[in-house]
file coords-v7.pdb (PDB, C-alpha atoms and all ligand atoms)
ATOM      1  CA  MET A  29     128.320  88.735  83.699  1.00  0.00           C
ATOM      2  CA  SER A  30     126.980  87.164  86.878  1.00  0.00           C
ATOM      3  CA  ILE A  31     125.287  89.117  89.636  1.00  0.00           C
ATOM      4  CA  ALA A  32     128.434  88.724  91.758  1.00  0.00           C
ATOM      5  CA  GLU A  33     130.555  90.153  88.938  1.00  0.00           C
ATOM      6  CA  ASN A  34     128.105  93.000  88.405  1.00  0.00           C
ATOM      7  CA  ILE A  35     128.318  93.904  92.074  1.00  0.00           C
ATOM      8  CA  GLU A  36     132.094  93.804  92.000  1.00  0.00           C
ATOM      9  CA  LYS A  37     132.096  96.175  89.031  1.00  0.00           C
ATOM     10  CA  VAL A  38     129.740  98.589  90.800  1.00  0.00           C
ATOM     11  CA  ARG A  39     131.866  98.498  93.941  1.00  0.00           C
ATOM     12  CA  ASN A  40     135.031  99.178  91.976  1.00  0.00           C
ATOM     13  CA  ASP A  41     133.406 102.095  90.154  1.00  0.00           C
ATOM     14  CA  ILE A  42     132.341 103.545  93.485  1.00  0.00           C
ATOM     15  CA  LYS A  43     135.789 103.045  94.999  1.00  0.00           C
ATOM     16  CA  GLU A  44     137.367 104.884  92.063  1.00  0.00           C
ATOM     17  CA  ALA A  45     134.806 107.683  92.304  1.00  0.00           C
ATOM     18  CA  CYS A  46     135.621 107.977  96.021  1.00  0.00           C
ATOM     19  CA  VAL A  47     139.314 108.291  95.295  1.00  0.00           C
ATOM     20  CA  ARG A  48     138.659 110.964  92.661  1.00  0.00           C
ATOM     21  CA  SER A  49     136.436 112.980  94.972  1.00  0.00           C
ATOM     22  CA  GLY A  50     138.226 112.436  98.274  1.00  0.00           C
ATOM     23  CA  ARG A  51     135.430 110.447  99.830  1.00  0.00           C
ATOM     24  CA  ASN A  52     135.367 107.422 102.094  1.00  0.00           C
ATOM     25  CA  TYR A  53     134.070 104.265 100.383  1.00  0.00           C
ATOM     26  CA  ASP A  54     132.689 102.937 103.666  1.00  0.00           C
ATOM     27  CA  ASP A  55     130.307 105.892 103.872  1.00  0.00           C
ATOM     28  CA  ILE A  56     128.400 104.722 100.803  1.00  0.00           C
ATOM     29  CA  THR A  57     125.533 102.244 100.837  1.00  0.00           C
ATOM     30  CA  ILE A  58     124.676 100.349  97.698  1.00  0.00           C
ATOM     31  CA  LEU A  59     120.942  99.809  97.700  1.00  0.00           C
ATOM     32  CA  GLY A  60     119.970  96.869  95.502  1.00  0.00           C
ATOM     33  CA  VAL A  61     116.776  97.754  93.639  1.00  0.00           C
ATOM     34  CA  THR A  62     114.871  94.503  93.321  1.00  0.00           C
ATOM     35  CA  LYS A  63     111.769  95.462  91.356  1.00  0.00           C
ATOM     36  CA  THR A  64     110.825  92.665  88.935  1.00  0.00           C
ATOM     37  CA  VAL A  65     113.720  90.559  90.332  1.00  0.00           C
ATOM     38  CA  GLY A  66     112.965  87.063  91.671  1.00  0.00           C
ATOM     39  CA  ALA A  67     113.950  85.702  95.083  1.00  0.00           C
ATOM     40  CA  ASP A  68     116.840  83.550  93.780  1.00  0.00           C
ATOM     41  CA  ASP A  69     118.571  86.477  92.121  1.00  0.00           C
ATOM     42  CA  ILE A  70     117.931  88.666  95.138  1.00  0.00           C
ATOM     43  CA  MET A  71     119.574  86.023  97.339  1.00  0.00           C
ATOM     44  CA  CYS A  72     122.649  86.072  95.063  1.00  0.00           C
ATOM     45  CA  ALA A  73     123.035  89.782  95.768  1.00  0.00           C
ATOM     46  CA  VAL A  74     122.394  89.327  99.489  1.00  0.00           C
ATOM     47  CA  ASN A  75     125.071  86.648  99.602  1.00  0.00           C
ATOM     48  CA  GLU A  76     127.469  89.167  98.062  1.00  0.00           C
ATOM     49  CA  GLY A  77     126.765  91.512 100.944  1.00  0.00           C
ATOM     50  CA  ILE A  78     124.008  93.685  99.486  1.00  0.00           C
ATOM     51  CA  CYS A  79     121.850  93.938 102.608  1.00  0.00           C
ATOM     52  CA  ASP A  80     119.799  97.020 101.784  1.00  0.00           C
ATOM     53  CA  LEU A  81     117.087  96.380  99.226  1.00  0.00           C
ATOM     54  CA  GLY A  82     114.682  98.791  97.572  1.00  0.00           C
ATOM     55  CA  GLU A  83     111.257  98.305  96.013  1.00  0.00           C
ATOM     56  CA  ASN A  84     109.238 100.963  94.286  1.00  0.00           C
ATOM     57  CA  ARG A  85     105.815  99.300  94.534  1.00  0.00           C
ATOM     58  CA  VAL A  86     104.074  98.361  97.749  1.00  0.00           C
ATOM     59  CA  GLN A  87     102.443  95.217  96.360  1.00  0.00           C
ATOM     60  CA  GLU A  88     105.754  93.786  95.197  1.00  0.00           C
ATOM     61  CA  PHE A  89     107.396  94.806  98.465  1.00  0.00           C
ATOM     62  CA  MET A  90     104.742  92.884 100.410  1.00  0.00           C
ATOM     63  CA  ASP A  91     105.238  89.811  98.253  1.00  0.00           C
ATOM     64  CA  LYS A  92     108.970  89.803  98.990  1.00  0.00           C
ATOM     65  CA  TYR A  93     109.023  91.052 102.571  1.00  0.00           C
ATOM     66  CA  GLY A  94     109.730  88.137 104.901  1.00  0.00           C
ATOM     67  CA  LYS A  95     110.945  85.885 102.091  1.00  0.00           C
ATOM     68  CA  ILE A  96     114.423  87.368 102.140  1.00  0.00           C
ATOM     69  CA  PRO A  97     115.977  87.080 105.606  1.00  0.00           C
ATOM     70  CA  ASN A  98     118.356  89.572 107.252  1.00  0.00           C
ATOM     71  CA  VAL A  99     117.869  92.512 104.933  1.00  0.00           C
ATOM     72  CA  LYS A 100     116.709  96.080 105.376  1.00  0.00           C
ATOM     73  CA  TRP A 101     113.952  97.206 103.073  1.00  0.00           C
ATOM     74  CA  HIS A 102     113.601 100.637 101.532  1.00  0.00           C
ATOM     75  CA  ILE A 103     110.589 102.029  99.716  1.00  0.00           C
ATOM     76  CA  ILE A 104     111.869 104.164  96.860  1.00  0.00           C
ATOM     77  CA  GLY A 105     108.901 104.690  94.536  1.00  0.00           C
ATOM     78  CA  HIS A 106     105.931 106.999  94.671  1.00  0.00           C
ATOM     79  CA  LEU A 107     103.859 106.041  97.708  1.00  0.00           C
ATOM     80  CA  GLN A 108     100.118 106.491  97.842  1.00  0.00           C
ATOM     81  CA  THR A 109      98.627 107.544 101.162  1.00  0.00           C
ATOM     82  CA  ASN A 110      96.241 104.592 101.208  1.00  0.00           C
ATOM     83  CA  LYS A 111      99.165 102.119 100.933  1.00  0.00           C
ATOM     84  CA  VAL A 112     101.080 103.393 103.955  1.00  0.00           C
ATOM     85  CA  LYS A 113      99.289 100.968 106.259  1.00  0.00           C
ATOM     86  CA  TYR A 114     100.953  98.004 104.546  1.00  0.00           C
ATOM     87  CA  ILE A 115     104.525  99.127 105.156  1.00  0.00           C
ATOM     88  CA  ILE A 116     104.597 100.692 108.619  1.00  0.00           C
ATOM     89  CA  GLY A 117     107.210  99.058 110.856  1.00  0.00           C
ATOM     90  CA  LYS A 118     108.731  97.176 107.925  1.00  0.00           C
ATOM     91  CA  THR A 119     111.043  99.718 106.371  1.00  0.00           C
ATOM     92  CA  LYS A 120     114.515 100.973 107.138  1.00  0.00           C
ATOM     93  CA  LEU A 121     113.809 104.120 105.126  1.00  0.00           C
ATOM     94  CA  ILE A 122     111.075 105.536 102.913  1.00  0.00           C
ATOM     95  CA  HIS A 123     112.867 107.570 100.224  1.00  0.00           C
ATOM     96  CA  SER A 124     109.908 109.014  98.405  1.00  0.00           C
ATOM     97  CA  VAL A 125     107.974 111.296 100.746  1.00  0.00           C
ATOM     98  CA  ASP A 126     106.848 114.217  98.651  1.00  0.00           C
ATOM     99  CA  SER A 127     103.877 115.784 100.443  1.00  0.00           C
ATOM    100  CA  LEU A 128     102.739 116.857 103.886  1.00  0.00           C
ATOM    101  CA  LYS A 129      99.653 114.713 103.490  1.00  0.00           C
ATOM    102  CA  LEU A 130     101.739 111.569 102.974  1.00  0.00           C
ATOM    103  CA  ALA A 131     103.978 112.437 105.929  1.00  0.00           C
ATOM    104  CA  GLU A 132     100.898 112.991 108.097  1.00  0.00           C
ATOM    105  CA  GLU A 133      99.578 109.547 107.235  1.00  0.00           C
ATOM    106  CA  ILE A 134     102.954 107.975 108.056  1.00  0.00           C
ATOM    107  CA  GLU A 135     102.981 109.899 111.353  1.00  0.00           C
ATOM    108  CA  LYS A 136      99.465 108.794 112.239  1.00  0.00           C
ATOM    109  CA  LEU A 137     100.015 105.113 111.512  1.00  0.00           C
ATOM    110  CA  SER A 138     103.487 105.053 113.087  1.00  0.00           C
ATOM    111  CA  LYS A 139     101.992 106.484 116.262  1.00  0.00           C
ATOM    112  CA  LYS A 140      99.286 103.854 116.219  1.00  0.00           C
ATOM    113  CA  ALA A 141     101.896 101.095 115.846  1.00  0.00           C
ATOM    114  CA  ASN A 142     104.227 102.844 118.301  1.00  0.00           C
ATOM    115  CA  VAL A 143     107.181 102.818 115.888  1.00  0.00           C
ATOM    116  CA  THR A 144     109.285 105.596 114.467  1.00  0.00           C
ATOM    117  CA  THR A 145     109.568 105.752 110.699  1.00  0.00           C
ATOM    118  CA  ASP A 146     112.633 107.250 109.043  1.00  0.00           C
ATOM    119  CA  ILE A 147     111.990 109.074 105.799  1.00  0.00           C
ATOM    120  CA  LEU A 148     113.728 111.038 103.086  1.00  0.00           C
ATOM    121  CA  ILE A 149     112.146 113.964 101.299  1.00  0.00           C
ATOM    122  CA  GLU A 150     112.083 113.447  97.550  1.00  0.00           C
ATOM    123  CA  VAL A 151     113.156 116.612  95.791  1.00  0.00           C
ATOM    124  CA  ASN A 152     112.657 117.405  92.127  1.00  0.00           C
ATOM    125  CA  ILE A 153     115.615 119.685  91.517  1.00  0.00           C
ATOM    126  CA  SER A 154     115.248 119.966  87.763  1.00  0.00           C
ATOM    127  CA  GLY A 155     111.631 121.051  87.947  1.00  0.00           C
ATOM    128  CA  GLU A 156     110.816 118.460  85.287  1.00  0.00           C
ATOM    129  CA  GLU A 157     107.056 118.173  85.303  1.00  0.00           C
ATOM    130  CA  THR A 158     106.674 114.431  84.982  1.00  0.00           C
ATOM    131  CA  LYS A 159     108.829 113.765  88.005  1.00  0.00           C
ATOM    132  CA  SER A 160     107.524 113.326  91.512  1.00  0.00           C
ATOM    133  CA  GLY A 161     109.145 115.190  94.373  1.00  0.00           C
ATOM    134  CA  ILE A 162     108.823 118.663  95.818  1.00  0.00           C
ATOM    135  CA  SER A 163     110.529 121.748  94.402  1.00  0.00           C
ATOM    136  CA  LYS A 164     113.545 123.382  96.031  1.00  0.00           C
ATOM    137  CA  GLU A 165     111.332 126.215  97.236  1.00  0.00           C
ATOM    138  CA  GLU A 166     109.030 123.810  99.055  1.00  0.00           C
ATOM    139  CA  ILE A 167     111.787 122.184 101.128  1.00  0.00           C
ATOM    140  CA  LEU A 168     112.031 124.640 104.021  1.00  0.00           C
ATOM    141  CA  PRO A 169     108.287 125.098 104.566  1.00  0.00           C
ATOM    142  CA  LEU A 170     107.806 121.326 104.581  1.00  0.00           C
ATOM    143  CA  LEU A 171     110.705 120.744 106.970  1.00  0.00           C
ATOM    144  CA  GLU A 172     109.320 123.384 109.371  1.00  0.00           C
ATOM    145  CA  LYS A 173     106.136 121.352 109.613  1.00  0.00           C
ATOM    146  CA  LEU A 174     107.817 117.947 109.829  1.00  0.00           C
ATOM    147  CA  ASP A 175     110.016 119.224 112.647  1.00  0.00           C
ATOM    148  CA  GLU A 176     106.900 119.145 114.822  1.00  0.00           C
ATOM    149  CA  PHE A 177     106.275 115.462 114.160  1.00  0.00           C
ATOM    150  CA  SER A 178     107.051 112.754 116.714  1.00  0.00           C
ATOM    151  CA  PHE A 179     106.931 109.402 114.944  1.00  0.00           C
ATOM    152  CA  VAL A 180     108.308 110.443 111.563  1.00  0.00           C
ATOM    153  CA  LYS A 181     111.985 111.354 111.455  1.00  0.00           C
ATOM    154  CA  VAL A 182     113.422 113.140 108.441  1.00  0.00           C
ATOM    155  CA  LYS A 183     116.866 111.753 107.644  1.00  0.00           C
ATOM    156  CA  GLY A 184     117.763 113.462 104.391  1.00  0.00           C
ATOM    157  CA  PHE A 185     116.860 113.782 100.722  1.00  0.00           C
ATOM    158  CA  MET A 186     116.360 111.669  97.646  1.00  0.00           C
ATOM    159  CA  THR A 187     116.329 112.731  94.030  1.00  0.00           C
ATOM    160  CA  MET A 188     116.177 111.256  90.558  1.00  0.00           C
ATOM    161  CA  ALA A 189     117.837 112.892  87.581  1.00  0.00           C
ATOM    162  CA  PRO A 190     115.645 113.366  84.495  1.00  0.00           C
ATOM    163  CA  LYS A 191     115.878 110.484  82.041  1.00  0.00           C
ATOM    164  CA  PHE A 192     117.378 112.313  79.105  1.00  0.00           C
ATOM    165  CA  ALA A 193     119.564 114.846  80.867  1.00  0.00           C
ATOM    166  CA  SER A 194     123.190 115.256  79.823  1.00  0.00           C
ATOM    167  CA  GLU A 195     125.988 114.256  82.158  1.00  0.00           C
ATOM    168  CA  ASP A 196     126.570 117.934  82.934  1.00  0.00           C
ATOM    169  CA  GLU A 197     122.938 118.528  83.781  1.00  0.00           C
ATOM    170  CA  ILE A 198     122.834 115.461  85.998  1.00  0.00           C
ATOM    171  CA  ARG A 199     125.962 116.599  87.800  1.00  0.00           C
ATOM    172  CA  GLN A 200     124.473 120.045  88.391  1.00  0.00           C
ATOM    173  CA  ILE A 201     121.293 118.513  89.807  1.00  0.00           C
ATOM    174  CA  PHE A 202     123.206 116.286  92.225  1.00  0.00           C
ATOM    175  CA  ARG A 203     125.550 119.125  93.190  1.00  0.00           C
ATOM    176  CA  ASN A 204     122.590 121.381  93.840  1.00  0.00           C
ATOM    177  CA  LEU A 205     120.888 118.935  96.171  1.00  0.00           C
ATOM    178  CA  TYR A 206     124.148 118.217  97.996  1.00  0.00           C
ATOM    179  CA  LYS A 207     124.486 121.949  98.681  1.00  0.00           C
ATOM    180  CA  ILE A 208     120.985 122.071 100.118  1.00  0.00           C
ATOM    181  CA  PHE A 209     121.721 118.924 102.162  1.00  0.00           C
ATOM    182  CA  VAL A 210     124.786 120.605 103.712  1.00  0.00           C
ATOM    183  CA  ASP A 211     122.937 123.894 104.317  1.00  0.00           C
ATOM    184  CA  ILE A 212     120.083 122.154 106.082  1.00  0.00           C
ATOM    185  CA  SER A 213     122.438 120.014 108.150  1.00  0.00           C
ATOM    186  CA  ARG A 214     123.787 123.233 109.707  1.00  0.00           C
ATOM    187  CA  LYS A 215     120.337 124.360 110.846  1.00  0.00           C
ATOM    188  CA  LYS A 216     118.930 123.509 114.235  1.00  0.00           C
ATOM    189  CA  TYR A 217     115.989 121.180 114.094  1.00  0.00           C
ATOM    190  CA  ASN A 218     114.615 118.819 116.716  1.00  0.00           C
ATOM    191  CA  ASN A 219     113.401 116.128 114.501  1.00  0.00           C
ATOM    192  CA  ILE A 220     115.410 116.440 111.337  1.00  0.00           C
ATOM    193  CA  SER A 221     118.928 115.195 110.733  1.00  0.00           C
ATOM    194  CA  MET A 222     120.697 115.146 107.412  1.00  0.00           C
ATOM    195  CA  GLU A 223     122.203 111.664 107.390  1.00  0.00           C
ATOM    196  CA  TYR A 224     121.320 110.261 103.994  1.00  0.00           C
ATOM    197  CA  LEU A 225     121.526 111.647 100.501  1.00  0.00           C
ATOM    198  CA  SER A 226     120.003 109.110  98.120  1.00  0.00           C
ATOM    199  CA  MET A 227     121.051 109.925  94.543  1.00  0.00           C
ATOM    200  CA  GLY A 228     122.188 107.927  91.548  1.00  0.00           C
ATOM    201  CA  MET A 229     120.913 104.843  89.726  1.00  0.00           C
ATOM    202  CA  SER A 230     122.546 102.424  87.269  1.00  0.00           C
ATOM    203  CA  SER A 231     123.255 105.100  84.681  1.00  0.00           C
ATOM    204  CA  ASP A 232     124.528 107.858  86.956  1.00  0.00           C
ATOM    205  CA  TYR A 233     125.776 106.447  90.273  1.00  0.00           C
ATOM    206  CA  VAL A 234     129.382 107.393  89.571  1.00  0.00           C
ATOM    207  CA  ILE A 235     128.416 111.039  89.145  1.00  0.00           C
ATOM    208  CA  ALA A 236     126.218 110.821  92.242  1.00  0.00           C
ATOM    209  CA  VAL A 237     129.087 109.522  94.387  1.00  0.00           C
ATOM    210  CA  GLU A 238     131.404 112.223  93.069  1.00  0.00           C
ATOM    211  CA  GLU A 239     128.766 114.789  94.018  1.00  0.00           C
ATOM    212  CA  GLY A 240     128.114 113.581  97.558  1.00  0.00           C
ATOM    213  CA  ALA A 241     125.518 110.775  97.536  1.00  0.00           C
ATOM    214  CA  ASN A 242     125.810 108.272 100.357  1.00  0.00           C
ATOM    215  CA  ILE A 243     123.077 105.939  99.126  1.00  0.00           C
ATOM    216  CA  VAL A 244     123.002 104.850  95.485  1.00  0.00           C
ATOM    217  CA  ARG A 245     119.968 102.922  94.226  1.00  0.00           C
ATOM    218  CA  ILE A 246     121.055 100.336  91.691  1.00  0.00           C
ATOM    219  CA  GLY A 247     118.814  97.898  89.870  1.00  0.00           C
ATOM    220  CA  SER A 248     119.665  96.852  86.319  1.00  0.00           C
ATOM    221  CA  LYS A 249     123.425  97.221  86.686  1.00  0.00           C
ATOM    222  CA  ILE A 250     123.327  94.560  89.415  1.00  0.00           C
ATOM    223  CA  PHE A 251     120.558  92.245  88.268  1.00  0.00           C
ATOM    224  CA  LYS A 252     120.762  92.315  84.441  1.00  0.00           C
ATOM    225  CA  GLN A 253     122.779  89.287  83.402  1.00  0.00           C
TER
HETATM  226  C1  LIG B   1     114.066 101.427  89.410  1.00  0.00           C
HETATM  227  C2  LIG B   1     114.573 102.481  90.288  1.00  0.00           C
HETATM  228  C3  LIG B   1     115.947 102.628  90.529  1.00  0.00           C
HETATM  229  C4  LIG B   1     116.997 101.734  89.893  1.00  0.00           C
HETATM  230  O1  LIG B   1     117.020 101.909  88.512  1.00  0.00           O
HETATM  231  P1  LIG B   1     118.170 101.239  87.616  1.00  0.00           P
HETATM  232  O2  LIG B   1     118.324 102.178  86.486  1.00  0.00           O
HETATM  233  O3  LIG B   1     117.665  99.903  87.213  1.00  0.00           O
HETATM  234  O4  LIG B   1     119.375 101.166  88.455  1.00  0.00           O
HETATM  235  C5  LIG B   1     116.354 103.624  91.397  1.00  0.00           C
HETATM  236  N1  LIG B   1     115.471 104.456  91.983  1.00  0.00           N
HETATM  237  C6  LIG B   1     114.151 104.365  91.772  1.00  0.00           C
HETATM  238  C7  LIG B   1     113.242 105.325  92.441  1.00  0.00           C
HETATM  239  C8  LIG B   1     113.660 103.372  90.918  1.00  0.00           C
HETATM  240  O5  LIG B   1     112.336 103.275  90.703  1.00  0.00           O
END
call {"tool": "encode", "arguments": {"input": "coords-v7.pdb", "output": "structure tokens", "more": "lines below"}}
Ligand SMILES: *Cc1c(COP(=O)(O)O)cnc(C)c1O
result
Amino acid sequence: MSIAENIEKVRNDIKEACVRSGRNYDDITILGVTKTVGADDIMCAVNEGICDLGENRVQEFMDKYGKIPNVKWHIIGHLQTNKVKYIIGKTKLIHSVDSLKLAEEIEKLSKKANVTTDILIEVNISGEETKSGISKEEILPLLEKLDEFSFVKVKGFMTMAPKFASEDEIRQIFRNLYKIFVDISRKKYNNISMEYLSMGMSSDYVIAVEEGANIVRIGSKIFKQ
């Protein structure tokens, strides 16, 4: 199947999942994950209307940034503090903020560049040890601190399901984070708004949409031909 056909399939799956779960298809952003994908293939996806792109490594992001016009870039992979300087002012959203220290560095460099940087907090719902992301219990204390920030704006949460989890387990994880997302959105913060819930990849985006995701991060299902 071509990239265009892959995208059509993904869109149809998401539309059907929206119908099943009473959601609005227009509320959902398909983020094209372009790691290891070359510029020509990326342009195919962009031409099909995939305008939000995600990279998980800073080096690869820098190689591609500027080569693909009219797109919004997202950083979705684990971000080291010493790499923040390369991405400030270039991202629509950083999905993978998982420590106060990293947020402080983003705050500091955003202030210096006089830009605001929108971030998501990466949460590790399953408690799986190999995964990055903070635990459920760490969410509120971290948000209390980030609410004091000026140049970093928290816009929601991101999570990844464990690789070998069953469909039921994955659904529970997504459902759990959606609940927290809704709870937090009812609290009064100055600097925190729950706009984005980034859950679901090629193998589990249908479940993620059914359970409330409004950004799905899809790589192989779009770019594998
Ligand atoms: C690679 C990656 C994805 C996309 O994975 P696919 O299974 O290829 O869709 C999504 N999120 C993150 C954080 C990734 O690193």
call {"tool": "axis_aligned_box", "arguments": {"input": "coords-v7.pdb", "around": "ligand LIG 1 (chain B)", "padding_each_side": "5 Å", "output": "JSON"}}
result
{"center_x": 115.9, "center_y": 102.6, "center_z": 89.5, "size_x": 17.0, "size_y": 15.4, "size_z": 16.0}
call {"tool": "residues_near_ligand", "arguments": {"input": "coords-v7.pdb", "ligand": "ligand LIG 1 (chain B)", "cutoff": "10 Å", "atoms": "all atoms listed in the file", "output": "mmCIF file with C-alpha atoms, keeping the file's coordinate frame"}}
result
data_model
loop_
_atom_site.group_PDB
_atom_site.id
_atom_site.type_symbol
_atom_site.label_atom_id
_atom_site.label_comp_id
_atom_site.auth_asym_id
_atom_site.auth_seq_id
_atom_site.Cartn_x
_atom_site.Cartn_y
_atom_site.Cartn_z
ATOM 1 C CA LEU A 59 120.942 99.809 97.700
ATOM 2 C CA GLY A 60 119.970 96.869 95.502
ATOM 3 C CA VAL A 61 116.776 97.754 93.639
ATOM 4 C CA THR A 62 114.871 94.503 93.321
ATOM 5 C CA LYS A 63 111.769 95.462 91.356
ATOM 6 C CA THR A 64 110.825 92.665 88.935
ATOM 7 C CA GLY A 82 114.682 98.791 97.572
ATOM 8 C CA GLU A 83 111.257 98.305 96.013
ATOM 9 C CA ASN A 84 109.238 100.963 94.286
ATOM 10 C CA ARG A 85 105.815 99.300 94.534
ATOM 11 C CA ILE A 103 110.589 102.029 99.716
ATOM 12 C CA ILE A 104 111.869 104.164 96.860
ATOM 13 C CA GLY A 105 108.901 104.690 94.536
ATOM 14 C CA HIS A 106 105.931 106.999 94.671
ATOM 15 C CA HIS A 123 112.867 107.570 100.224
ATOM 16 C CA SER A 124 109.908 109.014 98.405
ATOM 17 C CA GLU A 150 112.083 113.447 97.550
ATOM 18 C CA SER A 160 107.524 113.326 91.512
ATOM 19 C CA MET A 186 116.360 111.669 97.646
ATOM 20 C CA THR A 187 116.329 112.731 94.030
ATOM 21 C CA MET A 188 116.177 111.256 90.558
ATOM 22 C CA ALA A 189 117.837 112.892 87.581
ATOM 23 C CA LYS A 191 115.878 110.484 82.041
ATOM 24 C CA SER A 226 120.003 109.110 98.120
ATOM 25 C CA MET A 227 121.051 109.925 94.543
ATOM 26 C CA GLY A 228 122.188 107.927 91.548
ATOM 27 C CA MET A 229 120.913 104.843 89.726
ATOM 28 C CA SER A 230 122.546 102.424 87.269
ATOM 29 C CA SER A 231 123.255 105.100 84.681
ATOM 30 C CA ASP A 232 124.528 107.858 86.956
ATOM 31 C CA TYR A 233 125.776 106.447 90.273
ATOM 32 C CA VAL A 244 123.002 104.850 95.485
ATOM 33 C CA ARG A 245 119.968 102.922 94.226
ATOM 34 C CA ILE A 246 121.055 100.336 91.691
ATOM 35 C CA GLY A 247 118.814 97.898 89.870
ATOM 36 C CA SER A 248 119.665 96.852 86.319
ATOM 37 C CA LYS A 249 123.425 97.221 86.686
ATOM 38 C CA ILE A 250 123.327 94.560 89.415
ATOM 39 C CA PHE A 251 120.558 92.245 88.268
ATOM 40 C CA LYS A 252 120.762 92.315 84.441
#
call {"tool": "atom_distance", "arguments": {"input": "coords-v7.pdb", "atom1": "atom CA of A:Val74", "atom2": "atom CA of A:Val182"}}
result
27.0 Å
call {"tool": "resolve_selection", "arguments": {"input": "coords-v7.pdb", "expression": "the PyMOL selection byres (((chain A and resi 128-145) around 12) and not hetatm)", "output": "number ranges by chain"}}
result
A: 102-103, 106-127, 146-150, 161-162, 166-167, 169-183, 219
call {"tool": "closest_residue", "arguments": {"input": "coords-v7.pdb", "among": "A:Val86, A:Ile56, A:Leu168, A:Met71", "to": "A:Leu225", "atoms": "all atoms listed in the file"}}
result
A:Ile56
call {"tool": "atom_distance", "arguments": {"input": "coords-v7.pdb", "atom1": "atom CA of A:Asn52", "atom2": "atom CA of A:Ile235"}}
result
15.1 Å
call {"tool": "resolve_selection", "arguments": {"input": "coords-v7.pdb", "expression": "the PyMOL selection byres (((chain A and resi 45) around 12) and not hetatm)", "output": "PyMOL selection string"}}
result
chain A and resi 38-44+46-53+56+232-241
call {"tool": "write_last_selection", "arguments": {"input": "coords-v7.pdb", "atoms": "C-alpha atoms", "output": "PDB file, in the coordinates of the input"}}
result
ATOM      1  CA  VAL A  38     129.740  98.589  90.800  1.00  0.00           C
ATOM      2  CA  ARG A  39     131.866  98.498  93.941  1.00  0.00           C
ATOM      3  CA  ASN A  40     135.031  99.178  91.976  1.00  0.00           C
ATOM      4  CA  ASP A  41     133.406 102.095  90.154  1.00  0.00           C
ATOM      5  CA  ILE A  42     132.341 103.545  93.485  1.00  0.00           C
ATOM      6  CA  LYS A  43     135.789 103.045  94.999  1.00  0.00           C
ATOM      7  CA  GLU A  44     137.367 104.884  92.063  1.00  0.00           C
ATOM      8  CA  CYS A  46     135.621 107.977  96.021  1.00  0.00           C
ATOM      9  CA  VAL A  47     139.314 108.291  95.295  1.00  0.00           C
ATOM     10  CA  ARG A  48     138.659 110.964  92.661  1.00  0.00           C
ATOM     11  CA  SER A  49     136.436 112.980  94.972  1.00  0.00           C
ATOM     12  CA  GLY A  50     138.226 112.436  98.274  1.00  0.00           C
ATOM     13  CA  ARG A  51     135.430 110.447  99.830  1.00  0.00           C
ATOM     14  CA  ASN A  52     135.367 107.422 102.094  1.00  0.00           C
ATOM     15  CA  TYR A  53     134.070 104.265 100.383  1.00  0.00           C
ATOM     16  CA  ILE A  56     128.400 104.722 100.803  1.00  0.00           C
ATOM     17  CA  ASP A 232     124.528 107.858  86.956  1.00  0.00           C
ATOM     18  CA  TYR A 233     125.776 106.447  90.273  1.00  0.00           C
ATOM     19  CA  VAL A 234     129.382 107.393  89.571  1.00  0.00           C
ATOM     20  CA  ILE A 235     128.416 111.039  89.145  1.00  0.00           C
ATOM     21  CA  ALA A 236     126.218 110.821  92.242  1.00  0.00           C
ATOM     22  CA  VAL A 237     129.087 109.522  94.387  1.00  0.00           C
ATOM     23  CA  GLU A 238     131.404 112.223  93.069  1.00  0.00           C
ATOM     24  CA  GLU A 239     128.766 114.789  94.018  1.00  0.00           C
ATOM     25  CA  GLY A 240     128.114 113.581  97.558  1.00  0.00           C
ATOM     26  CA  ALA A 241     125.518 110.775  97.536  1.00  0.00           C
TER      27      ALA A 241
END
call {"tool": "build_atoms", "arguments": {"input": "coords-v7.pdb", "residues": "stretch 37-43 of chain A", "atoms": "N, CA, C and O atoms", "output": "CSV table (one decimal), in the coordinates of the input"}}
result
chain,number,residue,atom,x,y,z
A,37,LYS,N,131.9,95.0,89.9
A,37,LYS,CA,132.1,96.2,89.0
A,37,LYS,C,131.6,97.5,89.6
A,37,LYS,O,132.2,98.5,89.6
A,38,VAL,N,130.3,97.4,90.2
A,38,VAL,CA,129.7,98.6,90.8
A,38,VAL,C,130.6,99.1,92.0
A,38,VAL,O,130.9,100.3,92.1
A,39,ARG,N,131.0,98.1,92.8
A,39,ARG,CA,131.9,98.5,93.9
A,39,ARG,C,133.2,99.2,93.5
A,39,ARG,O,133.6,100.1,94.1
A,40,ASN,N,133.8,98.6,92.5
A,40,ASN,CA,135.0,99.2,92.0
A,40,ASN,C,134.8,100.6,91.4
A,40,ASN,O,135.6,101.5,91.7
A,41,ASP,N,133.7,100.8,90.7
A,41,ASP,CA,133.4,102.1,90.2
A,41,ASP,C,133.3,103.1,91.3
A,41,ASP,O,133.7,104.2,91.2
A,42,ILE,N,132.6,102.6,92.4
A,42,ILE,CA,132.3,103.5,93.5
A,42,ILE,C,133.6,103.8,94.2
A,42,ILE,O,133.9,105.0,94.6
A,43,LYS,N,134.5,102.8,94.4
A,43,LYS,CA,135.8,103.0,95.0
A,43,LYS,C,136.6,104.1,94.2
A,43,LYS,O,137.2,105.0,94.8
